[in-house]
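For reference, data-v9.txt is printed below; it contains compact mmCIF, C-alpha atoms.
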```
# COMPACT_ATOMS: atom_id res chain seq x y z
CA MET A 935 17.85 4.93 -5.53
CA TYR A 936 14.34 3.78 -4.62
CA LEU A 937 11.03 5.63 -4.59
CA CYS A 938 8.20 4.75 -2.21
CA TYR A 939 4.65 5.86 -3.07
CA ILE A 940 2.08 5.92 -0.26
CA ASP A 941 -1.69 6.48 -0.33
CA GLU A 942 -4.58 5.71 2.02
CA ALA A 943 -8.09 4.27 1.86
CA GLY A 944 -10.64 4.87 4.60
CA ASN A 945 -10.98 7.56 7.25
CA GLY A 946 -11.56 8.13 10.95
CA GLN A 947 -15.34 7.64 10.98
CA THR A 948 -16.58 5.46 13.81
CA LEU A 949 -17.82 2.04 12.74
CA ASP A 950 -21.49 2.20 13.71
CA PRO A 951 -24.77 0.78 12.32
CA ALA A 952 -26.04 4.36 12.13
CA ARG A 953 -23.38 4.94 9.46
CA PRO A 954 -23.63 1.94 7.14
CA ASP A 955 -21.23 3.52 4.64
CA ALA A 956 -18.46 4.27 7.17
CA PRO A 957 -15.18 2.61 6.15
CA PRO A 958 -14.63 -0.35 8.50
CA VAL A 959 -10.87 -0.27 7.95
CA LEU A 960 -8.17 2.32 7.34
CA VAL A 961 -5.33 1.27 5.04
CA VAL A 962 -2.14 3.28 4.63
CA GLY A 963 0.27 1.74 2.17
CA GLY A 964 1.78 1.52 -1.26
CA PHE A 965 4.86 0.22 -3.01
CA THR A 966 8.56 0.79 -3.55
CA VAL A 967 10.38 0.64 -6.88
CA HIS A 968 13.90 1.31 -8.16
CA ASP A 969 14.33 4.65 -9.90
CA SER A 970 15.59 2.95 -13.07
CA HIS A 971 12.08 1.51 -13.58
CA ILE A 972 10.09 4.70 -12.98
CA LYS A 973 9.78 5.87 -16.58
CA GLN A 974 8.83 2.51 -18.13
CA LEU A 975 6.52 1.67 -15.21
CA THR A 976 4.75 4.98 -15.77
CA TRP A 977 4.34 4.39 -19.51
CA ASP A 978 3.02 0.88 -18.93
CA PHE A 979 0.57 2.18 -16.35
CA LEU A 980 -0.67 4.85 -18.77
CA ASN A 981 -1.27 2.10 -21.34
CA ILE A 982 -3.32 0.20 -18.77
CA LYS A 983 -5.38 3.33 -18.20
CA LYS A 984 -6.04 3.53 -21.93
CA THR A 985 -7.14 -0.09 -21.95
CA TYR A 986 -9.70 0.40 -19.19
CA ARG A 987 -10.69 3.92 -20.19
CA PRO A 988 -10.91 3.56 -24.01
CA GLN A 989 -11.78 7.25 -24.45
CA LEU A 990 -8.21 8.08 -23.44
CA ARG A 991 -6.93 6.48 -26.64
CA ARG A 992 -8.36 9.48 -28.47
CA ALA A 993 -6.76 12.03 -26.13
CA LEU A 994 -4.90 14.77 -28.01
CA HIS A 995 -2.51 15.56 -25.16
CA LEU A 996 -0.48 13.37 -22.82
CA SER A 997 -1.57 15.56 -19.90
CA GLU A 998 -5.15 14.38 -20.37
CA VAL A 999 -4.09 10.75 -20.01
CA ILE A 1000 -2.05 11.59 -16.92
CA HIS A 1001 -4.73 13.67 -15.21
CA THR A 1002 -7.58 11.22 -15.78
CA GLU A 1003 -7.61 8.87 -12.82
CA ILE A 1004 -9.06 5.42 -12.36
CA LYS A 1005 -10.03 5.58 -8.71
CA GLY A 1006 -9.70 2.48 -6.60
CA SER A 1007 -13.03 3.21 -4.93
CA ASP A 1008 -14.74 2.99 -8.34
CA VAL A 1009 -12.98 -0.30 -9.11
CA ARG A 1010 -14.11 -1.95 -5.90
CA LYS A 1011 -17.63 -0.60 -6.43
CA ASP A 1012 -17.66 -2.37 -9.80
CA VAL A 1013 -16.59 -5.57 -8.02
CA ARG A 1014 -19.29 -5.16 -5.40
CA VAL A 1015 -22.35 -3.98 -7.33
CA GLY A 1016 -21.37 -3.88 -11.00
CA ASN A 1017 -22.81 -6.05 -13.72
CA ARG A 1018 -20.95 -9.05 -15.10
CA ASP A 1019 -18.89 -7.03 -17.58
CA GLN A 1020 -17.98 -4.40 -14.98
CA ARG A 1021 -16.89 -7.04 -12.48
CA ARG A 1022 -14.81 -8.79 -15.11
CA ALA A 1023 -13.16 -5.53 -16.19
CA ALA A 1024 -12.39 -4.65 -12.56
CA MET A 1025 -10.77 -8.03 -11.91
CA LEU A 1026 -8.71 -7.74 -15.11
CA LEU A 1027 -7.56 -4.28 -14.06
CA VAL A 1028 -6.38 -5.53 -10.67
CA ASP A 1029 -4.61 -8.43 -12.38
CA SER A 1030 -2.84 -5.97 -14.71
CA ILE A 1031 -1.79 -3.74 -11.80
CA LEU A 1032 -0.25 -6.65 -9.92
CA GLY A 1033 1.45 -7.75 -13.13
CA LEU A 1034 3.11 -4.33 -13.38
CA LEU A 1035 4.42 -4.52 -9.82
CA GLU A 1036 5.76 -8.03 -10.41
CA ARG A 1037 7.39 -7.09 -13.71
CA TYR A 1038 9.35 -4.22 -12.18
CA ASN A 1039 10.21 -5.97 -8.92
CA ALA A 1040 8.19 -3.56 -6.80
CA ARG A 1041 7.57 -4.33 -3.14
CA LEU A 1042 4.40 -3.77 -1.14
CA LEU A 1043 4.17 -2.30 2.34
CA ALA A 1044 1.04 -1.31 4.25
CA ARG A 1045 -0.58 -0.88 7.63
CA VAL A 1046 -4.18 -2.07 7.86
CA TRP A 1047 -6.29 -0.97 10.84
CA VAL A 1048 -9.52 -2.86 11.50
CA LYS A 1049 -12.00 -0.79 13.49
CA GLN A 1050 -14.09 -1.98 16.40
CA GLU A 1051 -17.78 -1.17 16.46
CA GLY A 1052 -18.77 1.89 18.48
CA LEU A 1053 -15.25 2.95 19.45
CA ALA A 1054 -13.79 6.29 18.42
CA PHE A 1055 -10.95 6.07 15.93
CA ASN A 1056 -8.01 8.46 16.15
CA GLU A 1057 -7.30 8.99 12.45
CA THR A 1058 -4.46 11.48 12.98
CA GLY A 1059 -2.61 9.27 15.45
CA VAL A 1060 -3.13 6.10 13.42
CA TYR A 1061 -2.01 7.73 10.18
CA SER A 1062 1.12 9.14 11.83
CA THR A 1063 1.92 5.76 13.38
CA SER A 1064 1.45 4.11 9.99
CA VAL A 1065 3.83 6.51 8.25
CA GLY A 1066 6.45 5.89 10.93
CA SER A 1067 6.07 2.13 10.56
CA LEU A 1068 6.23 2.22 6.76
CA THR A 1069 9.31 4.42 6.95
CA GLU A 1070 11.04 1.78 9.07
CA THR A 1071 10.17 -0.89 6.52
CA PHE A 1072 11.47 1.26 3.68
CA GLN A 1073 14.68 1.90 5.62
CA ALA A 1074 15.12 -1.86 6.07
CA GLN A 1075 14.74 -2.42 2.34
CA LEU A 1076 17.25 0.35 1.57
CA LEU A 1077 19.68 -1.22 4.01
CA ASP A 1078 19.25 -4.56 2.28
CA CYS A 1079 19.88 -3.00 -1.14
CA HIS A 1080 22.74 -0.70 -0.02
CA SER A 1081 20.73 2.16 -1.46
CA ARG A 1082 18.99 5.44 -0.68
CA GLY A 1083 15.40 6.49 -1.18
CA VAL A 1084 12.61 9.06 -0.98
CA MET A 1085 9.00 8.63 0.13
CA VAL A 1086 6.17 10.37 -1.74
CA LEU A 1087 2.87 10.55 0.17
CA ASP A 1088 -0.48 11.45 -1.34
CA SER A 1089 -1.22 15.00 -0.22
CA ARG A 1090 -4.37 15.70 1.77
CA THR A 1091 -4.43 19.07 3.59
CA LYS A 1092 -1.59 20.95 5.28
CA SER A 1093 -3.11 20.40 8.72
CA LYS A 1094 -3.24 16.65 8.03
CA ASN A 1095 0.07 16.40 6.19
CA ALA A 1096 2.40 18.08 8.68
CA PRO A 1097 1.83 15.90 11.79
CA ASN A 1098 2.34 12.74 9.77
CA VAL A 1099 6.01 13.33 9.01
CA HIS A 1100 7.26 14.99 12.20
CA CYS A 1101 8.04 11.58 13.70
CA VAL A 1102 10.26 10.81 10.71
CA THR A 1103 12.01 14.19 10.77
CA THR A 1104 12.83 13.96 14.47
CA ARG A 1105 14.22 10.45 14.07
CA LYS A 1106 16.51 11.59 11.27
CA TYR A 1107 17.88 14.68 13.01
CA ARG A 1108 17.92 13.68 16.66
CA ALA A 1109 21.10 14.28 18.64
CA GLY A 1110 21.67 10.56 19.15
CA GLY A 1111 22.18 9.84 15.45
CA ASP A 1112 20.15 9.27 12.30
CA LEU A 1113 18.06 6.09 12.53
CA LEU A 1114 16.92 6.40 8.92
CA LYS A 1115 20.15 6.95 7.03
CA GLY A 1116 18.91 5.37 3.84
CA ILE A 1117 16.04 7.83 3.54
CA ILE A 1118 17.39 11.04 2.02
CA GLU A 1119 14.72 13.44 3.25
CA SER A 1120 11.53 13.46 5.30
CA PRO A 1121 8.55 12.22 3.28
CA VAL A 1122 7.32 14.70 0.69
CA PHE A 1123 3.75 15.17 -0.54
CA GLY A 1124 2.41 14.99 -4.07
CA HIS A 1125 -0.90 15.23 -5.90
CA SER A 1126 -2.10 12.22 -7.82
CA ASP A 1127 -2.90 14.24 -10.94
CA THR A 1128 0.76 15.28 -11.15
CA HIS A 1129 2.45 12.18 -9.70
CA THR A 1130 1.17 9.35 -11.85
CA LEU A 1131 2.50 6.55 -9.68
CA LEU A 1132 0.46 7.85 -6.74
CA GLN A 1133 -2.52 6.80 -8.87
CA LEU A 1134 -1.04 3.32 -9.05
CA SER A 1135 -0.61 3.34 -5.27
CA ASP A 1136 -4.27 4.33 -4.89
CA LEU A 1137 -5.35 1.35 -6.98
CA VAL A 1138 -3.24 -1.02 -4.89
CA VAL A 1139 -4.53 0.32 -1.58
CA SER A 1140 -8.14 1.16 -2.43
CA SER A 1141 -9.14 -1.46 -4.98
CA LEU A 1142 -7.24 -4.38 -3.47
CA LEU A 1143 -6.02 -4.07 0.13
CA PHE A 1144 -9.09 -2.23 1.43
CA PRO A 1145 -11.77 -4.66 0.11
CA ILE A 1146 -9.68 -7.72 0.97
CA ALA A 1147 -9.33 -6.48 4.56
CA CYS A 1148 -13.08 -5.86 4.77
CA HIS A 1149 -13.79 -9.40 3.60
CA ALA A 1150 -11.11 -11.08 5.72
CA TYR A 1151 -11.83 -9.38 9.06
CA LEU A 1152 -15.40 -8.06 8.96
CA SER A 1153 -17.45 -10.54 6.92
CA ASP A 1154 -19.91 -10.80 9.83
CA VAL A 1155 -20.73 -7.06 9.74
CA THR A 1156 -23.67 -7.43 7.40
CA TRP A 1157 -25.03 -3.89 7.92
CA ASN A 1158 -21.96 -2.17 6.43
CA VAL A 1159 -21.90 -1.66 2.66
CA HIS A 1160 -18.17 -2.35 2.46
CA CYS A 1161 -18.40 -5.78 4.10
CA ASP A 1162 -19.60 -7.74 1.11
CA ASP A 1163 -18.89 -11.30 0.03
CA ALA A 1164 -18.50 -9.96 -3.51
CA TYR A 1165 -14.92 -9.13 -2.49
CA ARG A 1166 -14.11 -12.80 -1.95
CA PRO A 1167 -12.63 -13.27 -5.49
CA LEU A 1168 -10.09 -10.50 -4.84
CA ARG A 1169 -8.77 -12.33 -1.81
CA GLU A 1170 -8.89 -15.78 -3.40
CA GLU A 1171 -7.35 -14.83 -6.74
CA PHE A 1172 -4.77 -12.26 -5.67
CA GLY A 1173 -3.91 -13.03 -2.04
CA GLU A 1174 -0.95 -15.27 -2.84
CA ARG A 1175 0.51 -12.72 -5.25
CA LEU A 1176 0.16 -9.98 -2.65
CA LYS A 1177 2.05 -12.10 -0.16
CA LYS A 1178 4.94 -12.63 -2.55
CA LEU A 1179 5.19 -8.92 -3.32
CA GLN A 1180 5.83 -7.96 0.31
CA PHE A 1181 9.18 -6.86 1.70
CA ARG A 1182 9.54 -8.61 5.06
CA TYR A 1183 12.49 -8.44 7.42
CA GLN A 1184 13.57 -9.69 10.82
CA ALA A 1185 14.50 -7.00 13.33
CA PRO A 1186 17.45 -7.48 15.73
CA THR A 1187 14.92 -8.44 18.42
CA GLY A 1188 13.97 -11.46 16.32
CA LYS A 1189 10.50 -10.16 15.47
CA TRP A 1190 9.38 -10.34 11.84
CA ARG A 1191 8.23 -7.00 10.51
CA GLY A 1192 7.29 -5.16 7.35
CA GLY A 1193 5.10 -6.15 4.46
CA ILE A 1194 1.34 -5.85 4.93
CA VAL A 1195 0.68 -5.60 8.67
CA VAL A 1196 -2.83 -5.77 10.11
CA SER A 1197 -3.90 -4.38 13.49
CA ASP A 1198 -7.24 -6.06 14.17
CA ARG A 1199 -9.00 -4.27 17.01
CA ARG A 1200 -12.08 -6.48 16.78
CA SER A 1201 -10.77 -10.00 17.22
CA ALA A 1202 -6.95 -9.83 17.03
CA GLN A 1203 -6.77 -12.01 13.92
CA PRO A 1204 -3.37 -12.38 12.19
CA SER A 1205 -2.18 -10.52 9.11
CA SER A 1206 -2.06 -13.79 7.18
CA LEU A 1207 -5.83 -13.65 6.68
CA MET A 1208 -5.18 -11.07 3.95
CA PHE A 1209 -3.59 -13.77 1.81
CA GLY A 1210 -5.73 -16.81 2.52
CA PRO A 1211 -4.16 -20.23 3.19
CA GLY A 1212 -0.59 -20.78 2.08
CA ARG A 1213 3.01 -21.15 3.12
CA PRO A 1214 5.12 -18.22 4.33
CA VAL A 1215 7.34 -16.51 1.80
CA ALA A 1216 11.01 -17.50 1.88
CA SER A 1217 14.12 -15.31 1.57
CA GLU A 1218 13.08 -12.59 3.96
CA VAL A 1219 15.74 -10.29 5.35
CA VAL A 1220 17.52 -10.20 8.70
CA ILE A 1221 18.53 -6.65 9.63
CA PRO A 1222 21.83 -6.51 11.55
CA SER A 1223 21.75 -5.21 15.10
CA GLN A 1224 24.18 -2.33 14.48
CA GLN A 1225 21.48 -0.56 12.46
CA VAL A 1226 19.49 -0.02 15.68
CA ASP A 1227 22.05 2.57 16.76
CA GLY A 1228 22.20 4.28 13.40
CA GLY A 1229 25.24 2.35 12.21
CA GLU A 1230 26.59 2.47 8.68
CA LEU A 1231 25.31 0.18 5.96
CA PRO A 1232 27.00 -3.21 6.36
CA ASN A 1233 28.67 -5.11 3.55
CA ALA A 1234 26.19 -7.96 3.64
CA LEU A 1235 22.90 -9.05 5.08
CA VAL A 1236 21.93 -12.49 6.26
CA ARG A 1237 18.84 -14.03 4.67
CA SER A 1238 16.52 -16.60 6.16
CA ASP A 1239 14.51 -19.20 4.29
CA ASP A 1240 12.56 -20.12 7.43
CA ALA A 1241 10.28 -17.16 7.90
CA PRO A 1242 7.65 -17.75 10.56
```
Rewrite the structure of this file - the entire thing - as structure tokens.
Amino acid sequence: MYLCYIDEAGNGQTLDPARPDAPPVLVVGGFTVHDSHIKQLTWDFLNIKKTYRPQLRRALHLSEVIHTEIKGSDVRKDVRVGNRDQRRAAMLLVDSILGLLERYNARLLARVWVKQEGLAFNETGVYSTSVGSLTETFQAQLLDCHSRGVMVLDSRTKSKNAPNVHCVTTRKYRAGGDLLKGIIESPVFGHSDTHTLLQLSDLVVSSLLFPIACHAYLSDVTWNVHCDDAYRPLREEFGERLKKLQFRYQAPTGKWRGGIVVSDRRSAQPSSLMFGPGRPVASEVVIPSQQVDGGELPNALVRSDDAP
């Protein structure tokens, strides 16, 4: 069984010079990991928290270590405006987080939405679309692994939570057949102070994907506080590792999908800008056509070493 943890960074504020602190991108994403790794991954993550929050080493109760979060927004702030020691600590933290994901064979998936100046941004619709897209990617991975899984989304408010999973529920229980057979139940919601790995998802999305997207697609927006060249080291040092951590697959139509997908409303630049220059990742997955109609899990999948 696999677990998929999803968080978001950014909101629906319009990108406008009158709001220099408005997030220029919205990122919805996270990672998947096999259930056999959950306990050790959690313990290792708690140890990382103790490393970067030394006061936690003196905590009398485990609950204190769990509840104390290292927010991704604080990490990227240290990268952007921190002193030398703060920047170095932030970069080391990101390096440690990626090391955890690599060690436990986690896979990244995300939708990145780049805003266009002055245009209204439909946060509810974009978030719902993102959840639907990430669910499809997760289903493809489960199909590849002959496994089942559950998605855990960071909880916001009931009015925001409910619309974001209806599209998944209807696809599972429609009269024409279940298109998401690998996913046991509609996505559930958790709080980061009780679901430790949602904190890890926040760090991936908020301290890494969000600032990299700002630097890659909006470096010319000098009036926005989030569009800062200080984020360049994140992209240069970690872009290649992010690319290798993706789960990418080829749909029956022949289109490559999954991984970290960018929708650039400003200039229609490709998703590859997130990773900098480099070759495509090999051994991506071809999903058989029978899955389109809700077919059973096949005995084997075909892999391609010539990803576009």
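The space separating CA of Glu1170 (chain A) from CA of Asp955 (chain A) comes to 24.3 Å.
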Which neighbours of region 1135-1147 of chain A fall inside 6 Å, counting all atoms listed in the file, when residues of the same chain fewer than 5 positions from it are skipped, and could you give them as a PyMOL selection string?
chain A and resi 941+943+964+1006-1007+1009-1010+1169
Write out, as a PDB file, in the coordinates of the input, the residues just selected, with C-alpha atoms.
```pdb
ATOM      1  CA  ASP A 941      -1.690   6.480  -0.330  1.00  0.00           C
ATOM      2  CA  ALA A 943      -8.090   4.270   1.860  1.00  0.00           C
ATOM      3  CA  GLY A 964       1.780   1.520  -1.260  1.00  0.00           C
ATOM      4  CA  GLY A1006      -9.700   2.480  -6.600  1.00  0.00           C
ATOM      5  CA  SER A1007     -13.030   3.210  -4.930  1.00  0.00           C
ATOM      6  CA  VAL A1009     -12.980  -0.300  -9.110  1.00  0.00           C
ATOM      7  CA  ARG A1010     -14.110  -1.950  -5.900  1.00  0.00           C
ATOM      8  CA  ARG A1169      -8.770 -12.330  -1.810  1.00  0.00           C
TER       9      ARG A1169
END
```
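Candidate residues A:Gly1016, A:Pro951, A:Gly1059, A:Gly1083 were compared for distance to Tyr1165 (chain A), and the nearest is A:Gly1016, using only C-alpha atoms.
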Between CA of Leu1132 (chain A) and CA of Met1085 (chain A), what distance in Å does the model show, to one decimal?
11.0 Å
Name the closest residue to Arg953 (chain A) among the candidates A:Arg987, A:Leu1152, A:Gly1193, A:Gly1052; distances are taken between atoms, counting all atoms listed in the file.
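Counting all atoms listed in the file, the residue closest to Arg953 (chain A) is A:Gly1052.
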Can you tell me, as number ranges by chain, what residues are no more than 9 Å from Leu937 (chain A) when counting only C-alpha atoms, ignoring any on the same chain fewer than 6 positions away?
A: 965-969, 972, 1082-1086
Once you have the residues from the selection above, write them out as a PDB file, in the coordinates of the input, restricted to C-alpha atoms.
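Result written to result37.pdb:
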```
ATOM      1  CA  PHE A 965       4.860   0.220  -3.010  1.00  0.00           C
ATOM      2  CA  THR A 966       8.560   0.790  -3.550  1.00  0.00           C
ATOM      3  CA  VAL A 967      10.380   0.640  -6.880  1.00  0.00           C
ATOM      4  CA  HIS A 968      13.900   1.310  -8.160  1.00  0.00           C
ATOM      5  CA  ASP A 969      14.330   4.650  -9.900  1.00  0.00           C
ATOM      6  CA  ILE A 972      10.090   4.700 -12.980  1.00  0.00           C
ATOM      7  CA  ARG A1082      18.990   5.440  -0.680  1.00  0.00           C
ATOM      8  CA  GLY A1083      15.400   6.490  -1.180  1.00  0.00           C
ATOM      9  CA  VAL A1084      12.610   9.060  -0.980  1.00  0.00           C
ATOM     10  CA  MET A1085       9.000   8.630   0.130  1.00  0.00           C
ATOM     11  CA  VAL A1086       6.170  10.370  -1.740  1.00  0.00           C
TER      12      VAL A1086
END
```
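Distances to Glu1003 (chain A) were evaluated for A:Leu1077, A:Val1159, A:Ser1201, A:His1125 using all atoms listed in the file, and the minimum falls at A:His1125.
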CA of Met935 (chain A) and CA of Ser1081 (chain A), how far apart in Å?
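Result for CA of Ser1081 (chain A) versus CA of Met935 (chain A): 5.7 Å, one decimal.
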Once 8 Å is added on each side, what centre and edge lengths in Å to one decimal does the axis-aligned box around all listed atoms of region 1044-1051 of chain A have, as AutoDock Vina command-line options?
```
--center_x -8.4 --center_y -1.8 --center_z 10.4 --size_x 34.8 --size_y 18.1 --size_z 28.2
```
Contacts of Leu1026 (chain A) at 12 Å (only C-alpha atoms; same-chain gap of 5+ positions) as a list in words:
Ile982, Lys983, Thr985, Tyr986, Val1009, Asp1012, Val1013, Asp1019, Gln1020, Arg1021, Ile1031, Leu1032, Gly1033, Ser1141, Pro1167, Leu1168, Glu1171 and Phe1172 of chain A
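Shortest separation to Asp950 (chain A) among A:Gln1073, A:Asn1039, A:Gln1050, A:Ser1126 occurs at residue A:Gln1050, atoms counted being all atoms listed in the file.
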At a cut-off of 7 Å, using all atoms listed in the file, what residues contact Val1195 (chain A)? Leave out same-chain residues fewer than 2 positions from it and give the result as a PyMOL selection string.
chain A and resi 1044-1046+1192-1193+1197+1205
Which of these residues is nearest to Leu1113 (chain A), using all atoms listed in the file: A:Leu1134, A:Leu1034, A:Ala952, A:Cys1101?
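The answer is A:Cys1101, which sits nearest to Leu1113 (chain A).
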Nearest residue to Ala1185 (chain A) from the set A:Glu1070, A:Gly1111, A:Arg1199, A:Leu960 (distances using only C-alpha atoms)
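Of all the options, A:Glu1070 lies closest to Ala1185 (chain A).
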Write region 1133-1147 of chain A as a short mmCIF file (atom, residue, chain, number, x, y, z; two decimals), in the coordinates of the input, completed to N, CA and C atoms.
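Result file follows (result-v9.cif):
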```cif
data_model
loop_
_atom_site.label_atom_id
_atom_site.label_comp_id
_atom_site.auth_asym_id
_atom_site.auth_seq_id
_atom_site.Cartn_x
_atom_site.Cartn_y
_atom_site.Cartn_z
N GLN A 1133 -1.28 7.41 -8.39
CA GLN A 1133 -2.52 6.80 -8.87
C GLN A 1133 -2.42 5.27 -8.80
N LEU A 1134 -1.26 4.76 -9.14
CA LEU A 1134 -1.04 3.32 -9.05
C LEU A 1134 -1.11 2.87 -7.59
N SER A 1135 -0.55 3.66 -6.69
CA SER A 1135 -0.61 3.34 -5.27
C SER A 1135 -2.05 3.34 -4.78
N ASP A 1136 -2.85 4.29 -5.26
CA ASP A 1136 -4.27 4.33 -4.89
C ASP A 1136 -4.98 3.05 -5.31
N LEU A 1137 -4.69 2.58 -6.51
CA LEU A 1137 -5.35 1.35 -6.98
C LEU A 1137 -4.96 0.15 -6.13
N VAL A 1138 -3.69 0.08 -5.73
CA VAL A 1138 -3.24 -1.02 -4.89
C VAL A 1138 -3.95 -0.99 -3.54
N VAL A 1139 -3.99 0.19 -2.93
CA VAL A 1139 -4.53 0.32 -1.58
C VAL A 1139 -6.06 0.25 -1.57
N SER A 1140 -6.69 0.99 -2.49
CA SER A 1140 -8.14 1.16 -2.43
C SER A 1140 -8.93 0.07 -3.14
N SER A 1141 -8.38 -0.45 -4.25
CA SER A 1141 -9.14 -1.46 -4.98
C SER A 1141 -8.75 -2.88 -4.61
N LEU A 1142 -7.71 -3.04 -3.80
CA LEU A 1142 -7.24 -4.38 -3.47
C LEU A 1142 -7.11 -4.59 -1.96
N LEU A 1143 -6.24 -3.84 -1.29
CA LEU A 1143 -6.02 -4.07 0.13
C LEU A 1143 -7.26 -3.74 0.97
N PHE A 1144 -7.91 -2.63 0.66
CA PHE A 1144 -9.09 -2.23 1.43
C PHE A 1144 -10.21 -3.28 1.35
N PRO A 1145 -10.67 -3.68 0.16
CA PRO A 1145 -11.77 -4.66 0.11
C PRO A 1145 -11.37 -6.03 0.64
N ILE A 1146 -10.12 -6.43 0.44
CA ILE A 1146 -9.68 -7.72 0.97
C ILE A 1146 -9.72 -7.70 2.49
N ALA A 1147 -9.29 -6.59 3.10
CA ALA A 1147 -9.33 -6.48 4.56
C ALA A 1147 -10.77 -6.51 5.07
#
```
